[in-house]
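Chemist: What follows is the file entry.csv, containing CSV, C-alpha atoms and all ligand atoms:
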chain,number,residue,atom,x,y,z
A,12,MET,CA,378.2,203.7,137.2
A,13,ASN,CA,380.3,203.1,140.3
A,14,ILE,CA,379.4,200.4,142.9
A,15,LYS,CA,378.3,203.0,145.5
A,16,SER,CA,375.7,204.6,143.1
A,17,LEU,CA,374.7,201.1,142.0
A,18,LYS,CA,373.9,200.2,145.7
A,19,THR,CA,371.6,203.3,145.9
A,20,TYR,CA,369.9,202.3,142.6
A,21,PHE,CA,369.5,198.7,143.8
A,22,PHE,CA,367.8,199.8,147.0
A,23,THR,CA,365.5,202.2,145.3
A,24,GLU,CA,364.4,199.6,142.8
A,25,LEU,CA,363.6,196.9,145.4
A,26,GLN,CA,362.4,199.0,148.4
A,27,THR,CA,358.7,198.4,147.8
A,28,ILE,CA,359.1,194.6,147.7
A,29,GLN,CA,361.7,193.7,150.2
A,30,GLU,CA,362.9,194.7,153.7
A,31,ASP,CA,366.1,196.7,153.8
A,32,SER,CA,368.1,193.9,155.6
A,33,GLU,CA,367.1,191.5,152.8
A,34,ILE,CA,368.0,194.0,150.0
A,35,GLU,CA,371.4,194.5,151.7
A,36,SER,CA,372.0,190.8,151.9
A,37,PHE,CA,371.0,190.3,148.2
A,38,PHE,CA,373.3,193.2,147.2
A,39,PHE,CA,376.4,191.7,148.8
A,40,ILE,CA,375.6,188.2,147.5
A,41,LEU,CA,375.5,189.8,144.0
A,42,THR,CA,378.6,191.9,144.3
A,43,GLU,CA,380.4,188.7,145.2
A,44,PHE,CA,378.7,186.7,142.5
A,45,LEU,CA,379.1,189.2,139.7
A,46,HIS,CA,382.3,191.0,140.6
A,47,ASN,CA,384.0,188.8,143.2
A,48,LEU,CA,383.7,191.7,145.7
A,49,LYS,CA,383.1,191.0,149.3
A,50,ARG,CA,381.3,193.5,151.6
A,51,ILE,CA,384.7,194.8,152.8
A,52,ASP,CA,385.9,195.3,149.2
A,53,VAL,CA,382.8,197.3,148.4
A,54,SER,CA,383.4,199.6,151.4
A,55,LEU,CA,387.1,200.0,150.5
A,56,HIS,CA,386.5,200.6,146.8
A,57,PRO,CA,383.2,202.7,146.5
A,58,ASP,CA,384.5,204.0,143.1
A,59,PHE,CA,384.8,200.5,141.6
A,60,GLU,CA,383.4,201.0,138.1
A,61,VAL,CA,380.6,198.6,136.9
A,62,SER,CA,380.8,198.2,133.1
A,63,GLU,CA,377.8,198.6,130.9
A,64,THR,CA,377.6,194.9,130.3
A,65,ASP,CA,377.6,194.2,134.0
A,66,LEU,CA,375.0,196.9,134.6
A,67,GLU,CA,372.7,195.1,132.2
A,68,LYS,CA,373.2,191.9,134.2
A,69,TRP,CA,372.3,193.8,137.4
A,70,LYS,CA,369.1,195.2,135.7
A,71,THR,CA,368.1,191.7,134.6
A,72,ILE,CA,368.6,190.4,138.1
A,73,ILE,CA,366.7,193.3,139.6
A,74,SER,CA,363.7,192.5,137.4
A,75,GLU,CA,363.9,188.8,138.5
A,76,LEU,CA,364.1,189.8,142.2
A,77,LYS,CA,361.0,192.0,141.6
A,78,THR,CA,359.1,188.8,140.7
A,79,GLU,CA,360.3,187.4,144.1
A,80,LYS,CA,362.4,184.7,142.4
A,81,PRO,CA,364.7,183.4,145.2
A,82,ILE,CA,368.2,184.8,144.9
A,83,GLN,CA,369.6,181.2,145.1
A,84,TYR,CA,367.8,180.3,141.8
A,85,ILE,CA,369.2,183.5,140.2
A,86,THR,CA,372.8,182.8,141.2
A,87,GLY,CA,372.2,179.0,140.9
A,88,GLU,CA,373.9,178.3,144.2
A,89,ALA,CA,373.2,177.9,147.9
A,90,TRP,CA,375.3,177.4,151.0
A,91,PHE,CA,374.7,174.5,153.4
A,92,TYR,CA,376.9,173.6,156.4
A,93,GLY,CA,379.7,175.6,154.8
A,94,LEU,CA,379.5,173.8,151.5
A,95,ARG,CA,378.4,175.2,148.1
A,96,PHE,CA,375.5,173.5,146.4
A,97,GLU,CA,374.1,174.2,142.9
A,98,VAL,CA,370.4,174.5,142.9
A,99,ASN,CA,367.7,175.0,140.3
A,100,GLU,CA,363.9,174.9,140.1
A,101,ASN,CA,364.0,171.1,140.4
A,102,THR,CA,365.7,171.2,143.8
A,103,LEU,CA,364.5,172.6,147.1
A,104,ILE,CA,366.8,175.4,148.4
A,105,PRO,CA,368.5,173.8,151.5
A,106,ARG,CA,367.3,175.3,154.7
A,107,PRO,CA,369.0,176.2,158.0
A,108,GLU,CA,366.6,173.9,159.9
A,109,THR,CA,368.0,171.0,157.9
A,110,GLU,CA,371.5,172.0,158.8
A,111,GLU,CA,370.4,171.5,162.4
A,112,LEU,CA,369.2,168.0,161.6
A,113,VAL,CA,372.6,167.2,160.0
A,114,GLU,CA,374.4,168.6,163.0
A,115,TRP,CA,372.3,166.3,165.2
A,116,ILE,CA,373.3,163.3,163.2
A,117,VAL,CA,377.0,164.2,163.2
A,118,GLU,CA,376.9,164.9,166.9
A,119,SER,CA,375.2,161.6,167.6
A,120,GLN,CA,378.1,159.8,166.0
A,121,LYS,CA,380.8,162.0,167.6
A,122,SER,CA,379.3,161.3,171.0
A,123,LYS,CA,379.6,157.6,170.6
A,124,VAL,CA,382.6,156.2,172.5
A,125,ASP,CA,383.6,154.4,169.3
A,126,TYR,CA,383.5,157.4,167.1
A,127,LEU,CA,387.2,157.0,166.3
A,128,SER,CA,386.6,153.4,165.1
A,129,ILE,CA,383.6,154.6,163.1
A,130,GLN,CA,385.9,157.1,161.4
A,131,LYS,CA,388.3,154.4,160.5
A,132,SER,CA,386.0,151.5,159.7
A,133,ASN,CA,384.0,151.3,156.6
A,134,ASN,CA,380.9,150.0,158.3
A,135,LEU,CA,378.7,152.9,158.9
A,136,THR,CA,375.9,153.0,156.3
A,137,ILE,CA,373.6,156.0,155.7
A,138,LEU,CA,370.5,156.4,153.6
A,139,ASP,CA,368.9,159.8,152.8
A,140,ILE,CA,365.3,159.6,151.5
A,141,GLY,CA,364.1,162.5,149.3
A,142,THR,CA,367.6,164.0,148.7
A,143,GLY,CA,366.8,167.0,146.5
A,144,SER,CA,370.1,168.9,146.0
A,145,GLY,CA,371.9,166.2,147.9
A,146,CYS,CA,372.7,168.6,150.8
A,147,ILE,CA,372.1,166.0,153.5
A,148,PRO,CA,374.1,163.0,152.2
A,149,ILE,CA,376.9,165.1,150.8
A,150,THR,CA,377.4,166.9,154.0
A,151,LEU,CA,377.3,163.7,156.0
A,152,LYS,CA,379.9,162.1,153.8
A,153,LYS,CA,382.1,165.1,154.2
A,154,GLU,CA,381.7,164.9,158.0
A,155,ILE,CA,382.0,161.1,158.3
A,156,PRO,CA,384.2,160.2,155.3
A,157,SER,CA,384.4,156.5,156.0
A,158,ALA,CA,380.6,156.0,155.8
A,159,PHE,CA,378.8,154.5,152.8
A,160,VAL,CA,376.2,157.0,151.9
A,161,SER,CA,373.2,156.4,149.6
A,162,ALA,CA,370.4,158.8,148.6
A,163,ILE,CA,367.0,158.3,147.0
A,164,ASP,CA,364.8,160.7,145.1
A,165,ILE,CA,361.8,160.3,142.8
A,166,SER,CA,362.9,163.2,140.7
A,167,GLU,CA,365.5,162.4,138.1
A,168,LYS,CA,366.2,166.1,137.5
A,169,ALA,CA,366.8,166.6,141.3
A,170,LEU,CA,369.2,163.6,141.2
A,171,GLU,CA,371.1,165.1,138.2
A,172,MET,CA,371.8,168.2,140.3
A,173,ALA,CA,372.6,166.1,143.4
A,174,ARG,CA,375.1,164.0,141.4
A,175,LYS,CA,376.7,167.3,140.2
A,176,ASN,CA,376.9,168.6,143.7
A,177,ALA,CA,378.6,165.3,144.9
A,178,ILE,CA,381.2,165.7,142.2
A,179,ASN,CA,381.8,169.4,143.0
A,180,ASN,CA,382.2,168.6,146.7
A,181,LYS,CA,384.4,165.6,145.8
A,182,VAL,CA,382.4,162.9,147.6
A,183,GLU,CA,381.0,159.6,146.4
A,184,ILE,CA,377.3,159.0,147.0
A,185,ASN,CA,375.2,156.1,145.7
A,186,PHE,CA,372.2,157.9,144.2
A,187,ILE,CA,369.1,155.9,143.6
A,188,HIS,CA,366.1,156.9,141.4
A,189,GLN,CA,363.1,155.5,143.3
A,190,ASN,CA,359.6,156.3,144.5
A,191,ILE,CA,359.7,155.7,148.2
A,192,LEU,CA,356.0,155.4,148.4
A,193,GLU,CA,356.2,152.3,146.2
A,194,THR,CA,359.2,150.7,147.9
A,195,GLU,CA,358.5,147.7,150.1
A,196,SER,CA,362.1,147.0,151.1
A,197,LEU,CA,365.7,147.6,150.1
A,198,ASP,CA,368.6,145.1,149.8
A,199,GLU,CA,370.9,146.9,152.3
A,200,LYS,CA,370.7,147.6,156.0
A,201,TYR,CA,371.4,151.1,157.2
A,202,ASP,CA,372.8,152.4,160.5
A,203,ILE,CA,371.3,155.8,159.8
A,204,ILE,CA,368.2,156.6,157.8
A,205,VAL,CA,367.4,160.3,157.4
A,206,SER,CA,364.6,162.1,155.6
A,207,ASN,CA,363.3,165.5,155.1
A,208,PRO,CA,360.2,164.5,153.1
A,209,PRO,CA,357.4,166.7,151.7
A,210,TYR,CA,355.3,167.8,154.7
A,211,VAL,CA,353.5,171.1,154.0
A,212,ARG,CA,349.7,170.8,153.9
A,213,ASN,CA,347.6,172.7,151.5
A,214,LEU,CA,345.9,174.4,154.4
A,215,GLU,CA,349.3,175.9,155.2
A,216,LYS,CA,349.8,177.4,151.8
A,217,GLN,CA,348.5,180.8,152.9
A,218,GLU,CA,351.5,181.0,155.3
A,219,ILE,CA,354.0,180.2,152.5
A,220,LYS,CA,355.7,183.2,150.9
A,221,LYS,CA,355.4,183.9,147.2
A,222,ASN,CA,359.0,183.2,146.5
A,223,VAL,CA,358.6,179.6,147.8
A,224,LEU,CA,355.1,179.0,146.3
A,225,ASP,CA,355.9,180.3,142.9
A,226,TYR,CA,359.4,178.9,142.4
A,227,GLU,CA,360.3,175.9,144.6
A,228,PRO,CA,359.2,172.4,143.4
A,229,HIS,CA,355.8,171.5,144.8
A,230,LEU,CA,356.8,167.8,144.5
A,231,ALA,CA,359.3,168.6,147.3
A,232,LEU,CA,357.0,170.5,149.5
A,233,PHE,CA,353.3,169.5,149.6
A,234,VAL,CA,351.3,166.6,150.8
A,235,HIS,CA,347.5,166.1,150.9
A,236,ASP,CA,345.8,167.5,154.0
A,237,SER,CA,343.9,164.2,154.4
A,238,ASP,CA,347.2,162.2,154.9
A,239,ALA,CA,349.9,164.7,155.9
A,240,LEU,CA,352.1,162.0,157.5
A,241,LEU,CA,352.0,159.7,154.5
A,242,PHE,CA,355.8,159.9,154.0
A,243,TYR,CA,356.6,159.4,157.7
A,244,ARG,CA,354.4,156.3,157.9
A,245,LYS,CA,355.9,154.8,154.7
A,246,ILE,CA,359.5,155.6,155.6
A,247,ALA,CA,359.2,154.4,159.2
A,248,GLN,CA,357.6,151.1,158.0
A,249,LEU,CA,360.5,150.7,155.6
A,250,ALA,CA,363.0,151.6,158.3
A,251,PHE,CA,361.5,148.9,160.5
A,252,LYS,CA,362.8,146.4,157.9
A,253,ILE,CA,366.1,148.0,156.8
A,254,LEU,CA,367.4,149.7,160.0
A,255,ALA,CA,370.6,147.9,161.2
A,256,PRO,CA,370.7,146.8,164.9
A,257,ASN,CA,371.2,150.0,167.1
A,258,GLY,CA,370.4,152.0,164.0
A,259,LYS,CA,368.8,155.4,164.2
A,260,LEU,CA,366.0,157.1,162.1
A,261,PHE,CA,366.1,160.9,161.8
A,262,PHE,CA,363.3,163.0,160.4
A,263,GLU,CA,362.7,166.7,159.7
A,264,ILE,CA,359.1,167.3,160.5
A,265,ASN,CA,356.2,169.7,160.1
A,266,GLN,CA,356.3,172.1,163.0
A,267,TYR,CA,352.6,171.8,163.6
A,268,LEU,CA,352.6,168.0,163.7
A,269,GLY,CA,355.3,167.2,166.3
A,270,LYS,CA,352.9,165.3,168.6
A,271,GLU,CA,351.2,163.5,165.8
A,272,THR,CA,354.4,162.4,164.2
A,273,VAL,CA,355.8,161.1,167.5
A,274,GLU,CA,352.6,159.2,168.1
A,275,LEU,CA,352.7,157.6,164.7
A,276,ILE,CA,356.3,156.5,165.1
A,277,GLU,CA,355.6,155.1,168.5
A,278,GLN,CA,352.7,153.1,167.2
A,279,LEU,CA,354.9,151.7,164.5
A,280,GLY,CA,357.2,150.2,167.2
A,281,PHE,CA,360.0,152.8,167.5
A,282,ASN,CA,361.7,153.6,170.9
A,283,ASN,CA,363.8,156.3,172.4
A,284,ILE,CA,361.9,158.9,170.5
A,285,GLU,CA,363.3,162.4,170.9
A,286,LEU,CA,361.6,165.5,169.5
A,287,ARG,CA,363.7,168.6,169.1
A,288,LYS,CA,363.0,172.2,168.3
A,289,ASP,CA,364.8,174.3,165.7
A,290,PHE,CA,366.5,177.7,166.2
A,291,MET,CA,363.1,179.4,165.8
A,292,GLY,CA,361.7,177.3,168.7
A,293,ASN,CA,359.5,175.2,166.5
A,294,ASP,CA,359.2,171.4,166.8
A,295,ARG,CA,361.3,170.4,163.8
A,296,MET,CA,363.1,167.1,164.1
A,297,ILE,CA,362.9,163.6,165.5
A,298,CYS,CA,365.4,160.8,166.2
A,299,CYS,CA,364.3,157.3,167.2
A,300,GLY,CA,365.5,153.7,167.2
A,301,LEU,CA,364.1,150.2,167.4
A,401,LIG,C1,361.5,168.6,151.3
A,401,LIG,S1,362.5,168.1,149.9
A,401,LIG,C2,364.0,167.7,150.7
A,401,LIG,C3,365.2,168.0,149.8
A,401,LIG,C4,366.5,167.9,150.6
A,401,LIG,N1,366.7,166.6,151.3
A,401,LIG,C5,366.7,169.0,151.6
A,401,LIG,O1,366.6,168.8,152.8
A,401,LIG,O2,366.8,170.2,151.1
A,401,LIG,C6,361.8,166.5,149.6
A,401,LIG,C7,362.4,165.7,148.5
A,401,LIG,O3,361.6,164.4,148.4
A,401,LIG,C8,361.5,164.1,147.0
A,401,LIG,N2,360.3,163.2,146.9
A,401,LIG,C9,359.0,163.6,146.8
A,401,LIG,N3,358.2,162.5,146.7
A,401,LIG,C10,359.1,161.4,146.7
A,401,LIG,C11,358.8,160.0,146.6
A,401,LIG,N4,357.6,159.5,146.5
A,401,LIG,N5,359.9,159.2,146.6
A,401,LIG,C12,361.2,159.7,146.7
A,401,LIG,N6,361.4,161.0,146.9
A,401,LIG,C13,360.4,161.9,146.8
A,401,LIG,C14,361.4,165.4,146.3
A,401,LIG,O4,361.7,165.3,144.9
A,401,LIG,C15,362.3,166.3,147.1
A,401,LIG,O5,363.6,166.3,146.5
In structure tokens, write the structure found in this file.
Ligand SMILES: C[S@@+](CC[C@H](N)C(=O)[O-])C[C@H]1O[C@@H](n2cnc3c(N)ncnc32)[C@H](O)[C@@H]1O
Modeler:
Amino acid sequence: MNIKSLKTYFFTELQTIQEDSEIESFFFILTEFLHNLKRIDVSLHPDFEVSETDLEKWKTIISELKTEKPIQYITGEAWFYGLRFEVNENTLIPRPETEELVEWIVESQKSKVDYLSIQKSNNLTILDIGTGSGCIPITLKKEIPSAFVSAIDISEKALEMARKNAINNKVEINFIHQNILETESLDEKYDIIVSNPPYVRNLEKQEIKKNVLDYEPHLALFVHDSDALLFYRKIAQLAFKILAPNGKLFFEINQYLGKETVELIEQLGFNNIELRKDFMGNDRMICCGL
């Protein structure tokens, strides 16, 4: 079968499950993944012949897509801030909202008058809490190479993937296997503490798509409805002890709990609290200091 006919077949098979734009995006992710063919190559070479063996691979993937398995778990990779991250069912798939949080942190350093000295000195210390694939600390280390970057997760399997991603992206991160809810203090002080902790309440489950609910790690996503801000309270209390003078705490937050999260952080003694929206216009991230 040639690639042009394969495209028609791919669309026909998935049409009842996905929107056309999504199917098209999957198709080109897969032409690149399986055949190293970009969109332009497919247009230029519609007669490119797909071997029987490769056709079997396409069929297997189509049946996985029909179960709404995320394409990133099928190819085993996701892109974040222009970097490639390996992902599996133990790691959350990095989201564009989180890229915006990283962008904010990077900008906050660049806007400092002494950014050049930060670039050169070895003093800036960064801690990411709940690191998953390692997308936040690895990207920050790439953007601010002189920083010392540490990252915590409770999941040893997620950390395994994060370590691999650090090696693949050629950066050194100090990964720590730890339950943050049972951490009273840490030995180091940090200039930047960042976290995208679990924040989805059970009552929001009905809004969550099947591909997320059935495949992404619940440990990374959900909190009890009765104490939805548990991680924010715990991390802010910890940050109170381990944030360096003039340090900053950055959070990704639940879009429905912007006001409540700001109030909590204020009550815990933080100042200069800024709440920002994401590209969808939802309350999504907070920066504050002491
Ligand atoms: C929402 S995910 C964020 C992953 C990644 N930072 C990102 O932005 O894609 C939350 C992460 O927190 C971790 N986590 C959950 N409970 C934790 C705990 N008690 N202590 C440390 N990490 C925890 C999960 O394993 C998961 O990797």
Chemist: To one decimal in Å, tell me the separation between atom C2 of ligand LIG 401 (chain A) and CA of Thr142 in chain A.
Modeler: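 Separation of atom C2 of ligand LIG 401 (chain A) and CA of Thr142 in chain A: 5.5 Å.
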Chemist: Can you build me a table of chain A residues sitting at most 6 Å from ligand LIG 401 (chain A), with the closest atom pair per residue and its distance in Å to one decimal, using only C-alpha atoms and all ligand atoms, sorted by chain and residue number, as a tab-separated table?
Modeler:
residue	atom	partner	partner_atom	distance
A:Thr102	CA	A:LIG401	O5	6.0
A:Leu103	CA	A:LIG401	O2	5.2
A:Ile104	CA	A:LIG401	O2	5.9
A:Pro105	CA	A:LIG401	O2	4.0
A:Thr109	CA	A:LIG401	O1	5.7
A:Gly141	CA	A:LIG401	O3	3.3
A:Thr142	CA	A:LIG401	N1	3.8
A:Gly143	CA	A:LIG401	O5	3.3
A:Ser144	CA	A:LIG401	C4	5.9
A:Ile147	CA	A:LIG401	N1	5.9
A:Ile163	CA	A:LIG401	C12	6.0
A:Asp164	CA	A:LIG401	N6	3.9
A:Ile165	CA	A:LIG401	C12	4.0
A:Ser166	CA	A:LIG401	O4	4.8
A:Gln189	CA	A:LIG401	C12	5.7
A:Asn190	CA	A:LIG401	N5	3.6
A:Ile191	CA	A:LIG401	N5	3.9
A:Leu192	CA	A:LIG401	N4	4.8
A:Asn207	CA	A:LIG401	C2	5.0
A:Pro208	CA	A:LIG401	C6	4.3
A:Pro209	CA	A:LIG401	C1	4.5
A:Leu230	CA	A:LIG401	C9	5.3
A:Ala231	CA	A:LIG401	C15	3.8
A:Leu232	CA	A:LIG401	C1	5.2
Chemist: Report, in Å to a single decimal, how far apart CA of Tyr84 in chain A and CA of Asn99 in chain A are.
Modeler: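 Pair CA of Asn99 in chain A / CA of Tyr84 in chain A returns 5.5 Å.
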Chemist: So which residues touch range 263-276 of chain A within 6 Å, counting only C-alpha atoms, skipping near sequence neighbours fewer than 6 positions away, as a ChimeraX atom specification?
Modeler: /A:207,210,293-296
Chemist: For the residues selected in the previous step, produce a file with C-alpha atoms as a PDB file, keeping the file's coordinate frame.
Modeler:
ATOM      1  CA  ASN A 207     363.300 165.500 155.100  1.00  0.00           C
ATOM      2  CA  TYR A 210     355.300 167.800 154.700  1.00  0.00           C
ATOM      3  CA  ASN A 293     359.500 175.200 166.500  1.00  0.00           C
ATOM      4  CA  ASP A 294     359.200 171.400 166.800  1.00  0.00           C
ATOM      5  CA  ARG A 295     361.300 170.400 163.800  1.00  0.00           C
ATOM      6  CA  MET A 296     363.100 167.100 164.100  1.00  0.00           C
TER       7      MET A 296
END
Chemist: Skip Ile34 in chain A itself and residues of its chain fewer than 2 positions away, then list as a PyMOL selection string all residues within 12 Å of it, counting only C-alpha atoms.
Modeler: chain A and resi 18-32+36-41+73+76-77+79+82
Chemist: Pick from A:Lys49, A:Lys80, A:Ser74, A:Leu17: nearest to Ser62 in chain A, with all atoms listed in the file counted?
Modeler: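 That would be A:Leu17, the residue with the smallest distance to Ser62 in chain A.
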Chemist: In Å to one decimal, how far is CA of Asp139 in chain A from CA of Leu249 in chain A?
Modeler: 12.7 Å
Chemist: Just checking: using all atoms listed in the file, which residue out of A:Asn179, A:Glu60, A:Lys152, A:Glu43 ends up closest to Phe96 in chain A?
Modeler: A:Asn179
